[in-house]
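Source file structure14.pdb; content: PDB, C-alpha atoms, pLDDT in the B column.
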MODEL        1
ATOM      1  CA  MET A   1      92.264  93.601  85.411  1.00 39.00           C
ATOM      2  CA  THR A   2      94.512  95.557  83.107  1.00 48.00           C
ATOM      3  CA  THR A   3      93.917  98.141  80.486  1.00 53.00           C
ATOM      4  CA  LYS A   4      96.128  99.911  78.082  1.00 62.00           C
ATOM      5  CA  GLU A   5      93.370 102.208  76.872  1.00 82.00           C
ATOM      6  CA  ILE A   6      93.197 105.558  78.590  1.00 95.00           C
ATOM      7  CA  PRO A   7      90.477 108.011  77.541  1.00 96.00           C
ATOM      8  CA  VAL A   8      91.704 111.193  75.904  1.00 97.00           C
ATOM      9  CA  GLY A   9      91.663 114.020  78.396  1.00 98.00           C
ATOM     10  CA  ARG A  10      91.919 117.779  78.202  1.00 98.00           C
ATOM     11  CA  TYR A  11      93.798 120.415  80.136  1.00 98.00           C
ATOM     12  CA  LEU A  12      93.133 124.130  80.159  1.00 98.00           C
ATOM     13  CA  LEU A  13      96.416 125.856  80.884  1.00 98.00           C
ATOM     14  CA  ASP A  14      95.021 128.525  83.187  1.00 98.00           C
ATOM     15  CA  PRO A  15      97.323 131.574  83.390  1.00 98.00           C
ATOM     16  CA  ALA A  16      96.772 131.669  87.143  1.00 98.00           C
ATOM     17  CA  LEU A  17      98.415 128.258  87.491  1.00 98.00           C
ATOM     18  CA  ASP A  18     101.449 129.464  85.593  1.00 98.00           C
ATOM     19  CA  ASP A  19     101.595 132.599  87.751  1.00 97.00           C
ATOM     20  CA  ARG A  20     101.456 130.579  90.939  1.00 97.00           C
ATOM     21  CA  LEU A  21     104.052 128.069  89.813  1.00 98.00           C
ATOM     22  CA  ARG A  22     106.493 130.819  88.953  1.00 97.00           C
ATOM     23  CA  ALA A  23     105.832 132.483  92.306  1.00 96.00           C
ATOM     24  CA  PHE A  24     106.587 129.256  94.186  1.00 96.00           C
ATOM     25  CA  ASN A  25     109.807 128.884  92.190  1.00 95.00           C
ATOM     26  CA  GLY A  26     110.849 132.472  92.820  1.00 94.00           C
ATOM     27  CA  VAL A  27     111.254 133.273  89.126  1.00 94.00           C
ATOM     28  CA  ALA A  28     110.191 136.253  87.072  1.00 90.00           C
ATOM     29  CA  PRO A  29     106.669 136.496  85.652  1.00 92.00           C
ATOM     30  CA  ARG A  30     106.206 134.980  82.223  1.00 92.00           C
ATOM     31  CA  GLU A  31     106.674 136.936  79.049  1.00 88.00           C
ATOM     32  CA  GLY A  32     103.565 137.171  76.932  1.00 94.00           C
ATOM     33  CA  ASP A  33     101.606 133.948  76.935  1.00 96.00           C
ATOM     34  CA  THR A  34     104.577 131.580  77.105  1.00 96.00           C
ATOM     35  CA  ALA A  35     103.848 128.992  79.757  1.00 97.00           C
ATOM     36  CA  HIS A  36     106.502 127.463  81.973  1.00 97.00           C
ATOM     37  CA  PRO A  37     107.884 124.446  80.081  1.00 98.00           C
ATOM     38  CA  VAL A  38     107.267 122.115  83.030  1.00 98.00           C
ATOM     39  CA  PHE A  39     103.624 122.257  82.040  1.00 98.00           C
ATOM     40  CA  ALA A  40     104.441 119.633  79.429  1.00 98.00           C
ATOM     41  CA  PHE A  41     104.795 117.237  82.358  1.00 98.00           C
ATOM     42  CA  VAL A  42     101.998 118.765  84.397  1.00 98.00           C
ATOM     43  CA  MET A  43      99.476 118.533  81.596  1.00 98.00           C
ATOM     44  CA  ALA A  44     100.638 115.069  80.581  1.00 98.00           C
ATOM     45  CA  LEU A  45      99.987 113.652  84.025  1.00 98.00           C
ATOM     46  CA  GLY A  46      97.182 115.934  85.080  1.00 98.00           C
ATOM     47  CA  GLY A  47      95.324 115.922  81.796  1.00 98.00           C
ATOM     48  CA  MET A  48      95.119 112.193  81.140  1.00 97.00           C
ATOM     49  CA  GLY A  49      91.601 110.820  80.876  1.00 97.00           C
ATOM     50  CA  LEU A  50      92.320 109.009  84.151  1.00 97.00           C
ATOM     51  CA  SER A  51      94.156 110.366  87.168  1.00 96.00           C
ATOM     52  CA  ILE A  52      97.325 108.535  88.024  1.00 96.00           C
ATOM     53  CA  ARG A  53      95.492 106.984  90.981  1.00 96.00           C
ATOM     54  CA  GLU A  54      92.632 105.791  88.778  1.00 96.00           C
ATOM     55  CA  LEU A  55      95.031 104.370  86.220  1.00 96.00           C
ATOM     56  CA  SER A  56      97.058 102.682  88.941  1.00 96.00           C
ATOM     57  CA  ASP A  57      93.926 101.083  90.378  1.00 95.00           C
ATOM     58  CA  GLN A  58      92.922  99.775  86.964  1.00 95.00           C
ATOM     59  CA  LEU A  59      96.349  98.281  86.439  1.00 95.00           C
ATOM     60  CA  GLY A  60      96.496  96.719  89.905  1.00 94.00           C
ATOM     61  CA  LEU A  61      99.385  98.924  91.006  1.00 95.00           C
ATOM     62  CA  ALA A  62     100.004  99.860  94.626  1.00 92.00           C
ATOM     63  CA  PHE A  63      99.422 103.608  94.416  1.00 92.00           C
ATOM     64  CA  GLY A  64      98.793 103.812  98.126  1.00 89.00           C
ATOM     65  CA  ASP A  65     102.306 102.545  98.903  1.00 87.00           C
ATOM     66  CA  GLY A  66     104.008 105.649  97.523  1.00 85.00           C
ATOM     67  CA  PRO A  67     105.164 105.325  93.914  1.00 89.00           C
ATOM     68  CA  VAL A  68     108.113 107.389  92.765  1.00 90.00           C
ATOM     69  CA  LEU A  69     109.076 108.987  89.508  1.00 95.00           C
ATOM     70  CA  ALA A  70     112.218 107.397  88.067  1.00 96.00           C
ATOM     71  CA  GLY A  71     112.657 109.309  84.846  1.00 98.00           C
ATOM     72  CA  CYS A  72     111.059 111.271  82.088  1.00 98.00           C
ATOM     73  CA  VAL A  73     111.654 112.520  78.584  1.00 98.00           C
ATOM     74  CA  LEU A  74     109.884 115.664  77.419  1.00 98.00           C
ATOM     75  CA  GLU A  75     109.897 116.742  73.785  1.00 98.00           C
ATOM     76  CA  TYR A  76     108.500 120.018  72.552  1.00 98.00           C
ATOM     77  CA  ASP A  77     107.148 120.735  69.069  1.00 97.00           C
ATOM     78  CA  SER A  78     106.082 124.226  70.014  1.00 96.00           C
ATOM     79  CA  THR A  79     105.900 126.620  72.925  1.00 95.00           C
ATOM     80  CA  LEU A  80     103.131 125.914  75.398  1.00 97.00           C
ATOM     81  CA  ARG A  81     100.755 128.860  75.809  1.00 97.00           C
ATOM     82  CA  VAL A  82      98.642 129.892  78.779  1.00 98.00           C
ATOM     83  CA  GLY A  83      94.963 130.171  78.016  1.00 97.00           C
ATOM     84  CA  ALA A  84      95.134 127.269  75.576  1.00 97.00           C
ATOM     85  CA  ARG A  85      93.291 123.994  75.952  1.00 98.00           C
ATOM     86  CA  TYR A  86      95.284 120.873  75.177  1.00 98.00           C
ATOM     87  CA  ASP A  87      94.162 117.384  74.275  1.00 98.00           C
ATOM     88  CA  VAL A  88      96.019 114.728  76.238  1.00 98.00           C
ATOM     89  CA  ALA A  89      96.344 111.265  74.732  1.00 98.00           C
ATOM     90  CA  ALA A  90      98.060 108.728  76.957  1.00 98.00           C
ATOM     91  CA  GLU A  91      98.912 105.071  76.639  1.00 97.00           C
ATOM     92  CA  VAL A  92     100.662 102.482  78.728  1.00 97.00           C
ATOM     93  CA  ALA A  93     103.808 101.807  76.759  1.00 96.00           C
ATOM     94  CA  GLU A  94     105.051  99.121  79.098  1.00 96.00           C
ATOM     95  CA  LEU A  95     104.382  97.612  82.513  1.00 97.00           C
ATOM     96  CA  LEU A  96     107.014  95.323  83.973  1.00 96.00           C
ATOM     97  CA  ARG A  97     107.630  93.722  87.331  1.00 95.00           C
ATOM     98  CA  LYS A  98     111.261  93.597  88.366  1.00 95.00           C
ATOM     99  CA  PRO A  99     113.169  92.630  91.490  1.00 93.00           C
ATOM    100  CA  SER A 100     113.820  95.566  93.795  1.00 91.00           C
ATOM    101  CA  ARG A 101     116.422  95.878  96.512  1.00 88.00           C
ATOM    102  CA  ARG A 102     114.191  98.291  98.347  1.00 81.00           C
ATOM    103  CA  PHE A 103     110.769  96.709  97.912  1.00 81.00           C
ATOM    104  CA  GLY A 104     111.530  93.087  97.068  1.00 89.00           C
ATOM    105  CA  ALA A 105     109.671  93.577  93.826  1.00 93.00           C
ATOM    106  CA  ALA A 106     108.544  96.674  91.970  1.00 95.00           C
ATOM    107  CA  ASP A 107     106.225  97.479  89.097  1.00 96.00           C
ATOM    108  CA  HIS A 108     107.693  99.754  86.434  1.00 97.00           C
ATOM    109  CA  LEU A 109     105.079 101.752  84.557  1.00 97.00           C
ATOM    110  CA  HIS A 110     106.040 103.508  81.344  1.00 98.00           C
ATOM    111  CA  LEU A 111     103.559 106.031  79.988  1.00 98.00           C
ATOM    112  CA  HIS A 112     103.658 107.754  76.618  1.00 98.00           C
ATOM    113  CA  ILE A 113     101.591 110.920  76.539  1.00 98.00           C
ATOM    114  CA  ARG A 114     100.965 113.260  73.628  1.00 98.00           C
ATOM    115  CA  LEU A 115      99.759 116.834  73.946  1.00 98.00           C
ATOM    116  CA  SER A 116      98.060 118.469  71.003  1.00 98.00           C
ATOM    117  CA  GLN A 117      95.994 121.507  70.219  1.00 96.00           C
ATOM    118  CA  ALA A 118      93.465 121.558  67.394  1.00 92.00           C
ATOM    119  CA  GLY A 119      95.071 118.441  65.999  1.00 94.00           C
ATOM    120  CA  ARG A 120      98.558 119.930  66.033  1.00 96.00           C
ATOM    121  CA  ALA A 121     101.217 118.101  68.016  1.00 97.00           C
ATOM    122  CA  CYS A 122     102.644 120.298  70.779  1.00 98.00           C
ATOM    123  CA  ALA A 123     104.655 118.088  73.126  1.00 98.00           C
ATOM    124  CA  GLU A 124     105.257 114.513  74.202  1.00 98.00           C
ATOM    125  CA  ALA A 125     106.086 113.079  77.572  1.00 98.00           C
ATOM    126  CA  ARG A 126     107.460 109.672  78.421  1.00 98.00           C
ATOM    127  CA  LEU A 127     107.182 108.930  82.122  1.00 98.00           C
ATOM    128  CA  HIS A 128     108.720 106.085  84.105  1.00 98.00           C
ATOM    129  CA  ILE A 129     107.065 105.524  87.461  1.00 97.00           C
ATOM    130  CA  ILE A 130     108.031 102.818  89.944  1.00 95.00           C
ATOM    131  CA  PHE A 131     105.497 101.260  92.302  1.00 94.00           C
ATOM    132  CA  PRO A 132     106.260  98.925  95.178  1.00 91.00           C
ATOM    133  CA  ALA A 133     104.694  95.609  94.228  1.00 91.00           C
ATOM    134  CA  PRO A 134     101.637  94.906  96.356  1.00 82.00           C
ATOM    135  CA  GLU A 135     102.767  93.080  99.489  1.00 71.00           C
ATOM    136  CA  HIS A 136     100.775  89.971  98.799  1.00 60.00           C
ATOM    137  CA  GLU A 137     102.399  89.670  95.391  1.00 63.00           C
ATOM    138  CA  GLN A 138     105.995  90.123  96.486  1.00 58.00           C
ATOM    139  CA  ALA A 139     108.348  87.179  96.201  1.00 51.00           C
TER     140      ALA A 139
ATOM    141  CA  MET B 140     125.272 127.386  91.219  1.00 80.00           C
ATOM    142  CA  THR B 141     121.887 128.732  92.277  1.00 81.00           C
ATOM    143  CA  SER B 142     119.787 128.211  95.400  1.00 86.00           C
ATOM    144  CA  PRO B 143     116.089 127.872  94.656  1.00 91.00           C
ATOM    145  CA  PRO B 144     113.353 128.223  97.276  1.00 91.00           C
ATOM    146  CA  ALA B 145     112.803 125.323  99.641  1.00 94.00           C
ATOM    147  CA  PRO B 146     109.702 123.205  99.002  1.00 96.00           C
ATOM    148  CA  SER B 147     106.810 123.815 101.335  1.00 96.00           C
ATOM    149  CA  ALA B 148     103.659 121.927 102.220  1.00 96.00           C
ATOM    150  CA  GLU B 149     101.753 124.605 100.318  1.00 97.00           C
ATOM    151  CA  SER B 150     103.838 124.267  97.169  1.00 97.00           C
ATOM    152  CA  MET B 151     103.578 120.484  97.229  1.00 97.00           C
ATOM    153  CA  ARG B 152      99.821 120.682  97.598  1.00 98.00           C
ATOM    154  CA  PHE B 153      99.740 122.994  94.590  1.00 98.00           C
ATOM    155  CA  TRP B 154     101.773 120.574  92.478  1.00 98.00           C
ATOM    156  CA  CYS B 155      99.530 117.696  93.452  1.00 97.00           C
ATOM    157  CA  GLU B 156      96.436 119.661  92.528  1.00 98.00           C
ATOM    158  CA  ILE B 157      97.645 120.728  89.088  1.00 98.00           C
ATOM    159  CA  MET B 158      98.692 117.182  88.263  1.00 97.00           C
ATOM    160  CA  ARG B 159      95.668 115.462  89.820  1.00 97.00           C
ATOM    161  CA  ASP B 160      98.137 113.398  91.811  1.00 95.00           C
ATOM    162  CA  ASP B 161      97.107 112.771  95.406  1.00 93.00           C
ATOM    163  CA  ASN B 162     100.075 110.552  96.229  1.00 93.00           C
ATOM    164  CA  ALA B 163     100.075 110.869 100.005  1.00 92.00           C
ATOM    165  CA  ILE B 164     103.859 111.011 100.306  1.00 92.00           C
ATOM    166  CA  HIS B 165     103.640 114.563  98.927  1.00 95.00           C
ATOM    167  CA  LEU B 166     100.797 115.621 101.200  1.00 95.00           C
ATOM    168  CA  ASP B 167     101.063 113.796 104.515  1.00 94.00           C
ATOM    169  CA  PRO B 168     104.248 113.424 106.586  1.00 94.00           C
ATOM    170  CA  ALA B 169     102.872 110.278 108.211  1.00 93.00           C
ATOM    171  CA  ALA B 170     102.303 108.708 104.794  1.00 91.00           C
ATOM    172  CA  ALA B 171     105.825 109.637 103.715  1.00 92.00           C
ATOM    173  CA  GLU B 172     107.191 107.998 106.833  1.00 92.00           C
ATOM    174  CA  ALA B 173     105.032 104.903 106.411  1.00 89.00           C
ATOM    175  CA  ALA B 174     106.352 104.550 102.861  1.00 87.00           C
ATOM    176  CA  GLY B 175     109.909 104.636 104.151  1.00 87.00           C
ATOM    177  CA  PHE B 176     110.836 108.199 103.166  1.00 88.00           C
ATOM    178  CA  GLY B 177     111.257 109.607 106.663  1.00 86.00           C
ATOM    179  CA  PRO B 178     109.259 112.175 108.612  1.00 91.00           C
ATOM    180  CA  ASN B 179     108.877 114.858 105.923  1.00 94.00           C
ATOM    181  CA  ARG B 180     106.753 115.239 102.816  1.00 96.00           C
ATOM    182  CA  VAL B 181     108.455 114.325  99.553  1.00 96.00           C
ATOM    183  CA  ASN B 182     108.594 116.983  96.855  1.00 97.00           C
ATOM    184  CA  PRO B 183     107.024 115.844  93.560  1.00 96.00           C
ATOM    185  CA  GLY B 184     109.599 115.024  90.927  1.00 97.00           C
ATOM    186  CA  PRO B 185     108.403 117.534  88.303  1.00 98.00           C
ATOM    187  CA  ALA B 186     108.642 120.285  90.905  1.00 98.00           C
ATOM    188  CA  ASN B 187     112.329 119.494  91.167  1.00 98.00           C
ATOM    189  CA  LEU B 188     112.678 119.378  87.394  1.00 98.00           C
ATOM    190  CA  ALA B 189     111.089 122.815  87.110  1.00 98.00           C
ATOM    191  CA  LEU B 190     113.935 124.211  89.208  1.00 97.00           C
ATOM    192  CA  LEU B 191     116.492 122.915  86.747  1.00 97.00           C
ATOM    193  CA  MET B 192     114.482 124.338  83.857  1.00 97.00           C
ATOM    194  CA  ASP B 193     114.477 127.727  85.576  1.00 96.00           C
ATOM    195  CA  ALA B 194     118.243 127.691  85.966  1.00 95.00           C
ATOM    196  CA  ILE B 195     118.830 126.768  82.332  1.00 94.00           C
ATOM    197  CA  LEU B 196     116.434 129.417  81.027  1.00 94.00           C
ATOM    198  CA  ALA B 197     117.880 132.066  83.325  1.00 93.00           C
ATOM    199  CA  ALA B 198     121.251 131.451  81.705  1.00 90.00           C
ATOM    200  CA  GLU B 199     119.763 131.572  78.178  1.00 88.00           C
ATOM    201  CA  PRO B 200     117.059 134.224  78.031  1.00 84.00           C
ATOM    202  CA  GLY B 201     114.727 133.787  75.095  1.00 84.00           C
ATOM    203  CA  ALA B 202     115.711 130.166  74.553  1.00 90.00           C
ATOM    204  CA  ALA B 203     113.242 127.289  74.493  1.00 95.00           C
ATOM    205  CA  PHE B 204     113.584 123.593  75.084  1.00 96.00           C
ATOM    206  CA  SER B 205     113.405 121.006  72.352  1.00 97.00           C
ATOM    207  CA  ARG B 206     114.059 117.961  74.529  1.00 97.00           C
ATOM    208  CA  ILE B 207     114.646 117.217  78.185  1.00 98.00           C
ATOM    209  CA  GLU B 208     115.781 113.879  79.552  1.00 98.00           C
ATOM    210  CA  ALA B 209     115.725 113.541  83.317  1.00 98.00           C
ATOM    211  CA  ARG B 210     116.700 110.890  85.848  1.00 98.00           C
ATOM    212  CA  PHE B 211     115.270 111.133  89.330  1.00 98.00           C
ATOM    213  CA  LEU B 212     117.947 109.692  91.566  1.00 97.00           C
ATOM    214  CA  GLY B 213     116.827 110.667  95.022  1.00 95.00           C
ATOM    215  CA  ASN B 214     114.258 112.650  96.966  1.00 95.00           C
ATOM    216  CA  VAL B 215     113.800 116.246  97.989  1.00 97.00           C
ATOM    217  CA  PHE B 216     111.888 116.889 101.193  1.00 96.00           C
ATOM    218  CA  GLU B 217     109.889 119.727 102.659  1.00 96.00           C
ATOM    219  CA  ALA B 218     112.105 122.651 103.730  1.00 94.00           C
ATOM    220  CA  ASP B 219     115.252 121.208 102.152  1.00 96.00           C
ATOM    221  CA  THR B 220     117.946 123.682 101.177  1.00 96.00           C
ATOM    222  CA  LEU B 221     118.694 123.026  97.527  1.00 96.00           C
ATOM    223  CA  GLU B 222     121.423 123.753  95.025  1.00 96.00           C
ATOM    224  CA  VAL B 223     121.204 123.738  91.255  1.00 96.00           C
ATOM    225  CA  ARG B 224     124.420 123.221  89.330  1.00 96.00           C
ATOM    226  CA  THR B 225     124.535 123.717  85.606  1.00 94.00           C
ATOM    227  CA  GLY B 226     127.104 122.581  83.099  1.00 90.00           C
ATOM    228  CA  PRO B 227     127.598 122.193  79.366  1.00 87.00           C
ATOM    229  CA  ASP B 228     125.624 118.947  79.309  1.00 79.00           C
ATOM    230  CA  GLY B 229     122.731 119.881  81.536  1.00 94.00           C
ATOM    231  CA  ALA B 230     121.941 120.508  85.160  1.00 97.00           C
ATOM    232  CA  ALA B 231     121.630 118.712  88.454  1.00 97.00           C
ATOM    233  CA  LEU B 232     119.846 119.291  91.733  1.00 97.00           C
ATOM    234  CA  TYR B 233     121.420 118.662  95.103  1.00 97.00           C
ATOM    235  CA  ARG B 234     120.260 118.836  98.677  1.00 97.00           C
ATOM    236  CA  ALA B 235     122.658 121.105 100.579  1.00 95.00           C
ATOM    237  CA  ASP B 236     123.184 118.415 103.222  1.00 94.00           C
ATOM    238  CA  ALA B 237     124.331 115.927 100.551  1.00 96.00           C
ATOM    239  CA  PRO B 238     126.395 118.007  98.118  1.00 95.00           C
ATOM    240  CA  ASP B 239     127.960 115.000  96.400  1.00 96.00           C
ATOM    241  CA  GLU B 240     124.742 113.120  95.678  1.00 97.00           C
ATOM    242  CA  PRO B 241     122.540 114.554  92.942  1.00 98.00           C
ATOM    243  CA  VAL B 242     118.851 113.881  93.436  1.00 98.00           C
ATOM    244  CA  LEU B 243     118.055 114.808  89.855  1.00 98.00           C
ATOM    245  CA  GLU B 244     120.077 115.042  86.670  1.00 98.00           C
ATOM    246  CA  ALA B 245     118.775 116.338  83.385  1.00 98.00           C
ATOM    247  CA  LYS B 246     120.062 116.912  79.877  1.00 97.00           C
ATOM    248  CA  PHE B 247     118.598 119.714  77.842  1.00 96.00           C
ATOM    249  CA  THR B 248     118.439 120.254  74.098  1.00 95.00           C
ATOM    250  CA  MET B 249     117.547 123.796  73.123  1.00 94.00           C
ATOM    251  CA  ARG B 250     115.596 125.155  70.209  1.00 89.00           C
ATOM    252  CA  ARG B 251     117.218 128.219  68.770  1.00 71.00           C
ATOM    253  CA  ASN B 252     115.512 131.118  67.078  1.00 54.00           C
ATOM    254  CA  GLU B 253     112.096 130.365  68.567  1.00 45.00           C
ATOM    255  CA  GLN B 254     109.374 131.547  66.189  1.00 42.00           C
TER     256      GLN B 254
ENDMDL
END
Show me, as structure tokens, the structure contained in the file I just sent.
Amino acid sequence: MTTKEIPVGRYLLDPALDDRLRAFNGVAPREGDTAHPVFAFVMALGGMGLSIRELSDQLGLAFGDGPVLAGCVLEYDSTLRVGARYDVAAEVAELLRKPSRRFGAADHLHLHIRLSQAGRACAEARLHIIFPAPEHEQA
Amino acid sequence: MTSPPAPSAESMRFWCEIMRDDNAIHLDPAAAEAAGFGPNRVNPGPANLALLMDAILAAEPGAAFSRIEARFLGNVFEADTLEVRTGPDGAALYRADAPDEPVLEAKFTMRRNEQ
């Protein structure tokens, strides 16, 4: 079973999350309400209407075999703000199976995720995630 | 060059929670090993990217990103000693025990005069 339709999700950018992330990274506290820019990625993945595990299961991808992130593009229309709630609209842009030296075969998932607030575009994320092909489907 | 904090089990758990990503290679050393990554937890990719973002913003206070393009070339593991190197075209992350092999490279486009 496959689906390219992912429900729109939401993500509340809790200031405490931003505080904790900065503390783990050993950087200075934020200025004003400007969130760490990595939250474009965090909210894209974490705010989808399905978790990455749920989406993987729906697409028949081997989430349990340890997928890895291959690349990403993040684009910002505005500064991300703590305390704000973002709408997260995601779609499967592409899903391809390719030969893999490491796995024999691998599934390449490309996600396109848009973050908005009150209808205003805030950021976009394009994620490329590689999954080992399920063993029974490998060549 | 800067040396960010080493990833910990606690930090990886945090990243997994905020991204709703329970990929076991980030949470369970046995799962990381079973997946072929060795005996230590694997740091989530965006956690590594955040370190590069920090280095770029530290060098340009008040700046903001317009676009970031990143390639994840290798893995960072729990307790790794890391190095961030920045240049005119972007930044890269290295494990101290493999100083010639970037695990992450990123290009950054900045927005000026943030309003």
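CA of Phe216 in chain B sits 9.1 Å away from CA of Gly177 in chain B.
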* To do: Expand the PyMOL selection byres ((chain B) within 8 of (chain A)) into the individual residues it matches in the shown file, reporting them as number ranges by chain.
  => B: 143-144, 150, 157-164, 171, 174, 184-185, 188-190, 192-193, 203-212
* To do: Let me know the residues the PyMOL selection byres ((chain A and resi 109) around 9) catches in the file above, as an MDAnalysis selection string.
  => chainID A and resid 92:97 107:108 110:111 127:131
* To do: Give me the result of the PyMOL selection byres ((chain B and resi 226) around 12) on this file, residue by residue, as a list in words.
  =>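 Selected by the PyMOL selection byres ((chain B and resi 226) around 12) here: Met140, Leu191, Ala194, Ile195, Ala198, Val223, Arg224, Thr225, Pro227, Asp228, Gly229, Ala230, Ala231, Leu232, Glu244, Ala245, Lys246 and Phe247 of chain B.
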* **CA of Pro146 in chain B to CA of Asp236 in chain B, straight-line distance in Å** =>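 The value is 14.9 Å.
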* Record the distance separating CA of Leu61 in chain A and CA of Glu135 in chain A, expressed in Å with one decimal. => 10.8 Å
* Asked: Quick one: residues within 6 Å of range 32-35 of chain A, all atoms listed in the file counted, chain neighbours fewer than 3 positions away excluded, as a list in words?
  -> Leu80, Arg81 and Val82 of chain A
* Pick from A:Ala84, A:Pro29, A:Ala90, A:Arg120 nearest to Gly9 in chain A, counting all atoms listed in the file ->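 With all atoms listed in the file as the atom set, the closest residue is A:Ala90.
Closest approach to Ala106 in chain A from the set A:Asp19, A:Glu91, A:Ala118, A:Ala62 is made by A:Ala62, with distances taken over all atoms listed in the file.
For the choices A:Gly49, A:Arg30, A:Arg85, A:Asp18, the atom-to-atom distance to Ser116 in chain A is smallest for A:Arg85 when using only C-alpha atoms.
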* Would you kindly return, as a ChimeraX atom specification, each protein, DNA or RNA residue with an atom no farther than 7 Å from any atom of Tyr233 in chain B, considering all atoms listed in the file and excluding same-chain residues fewer than 3 positions away? => /B:221-223,237-238,240-242
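Of the listed residues (A:His112, A:Gly83, A:Ser100, A:Ser56), A:Gly83 comes nearest to Ala16 in chain A; the distances count all atoms listed in the file.
Proximity to Ala169 in chain B at 10 Å, evaluated using only C-alpha atoms and with sequence-adjacent residues fewer than 6 positions away removed, yields Ala163, Gly175, Phe176, Gly177, Pro178, Asn179 and Arg180 of chain B.
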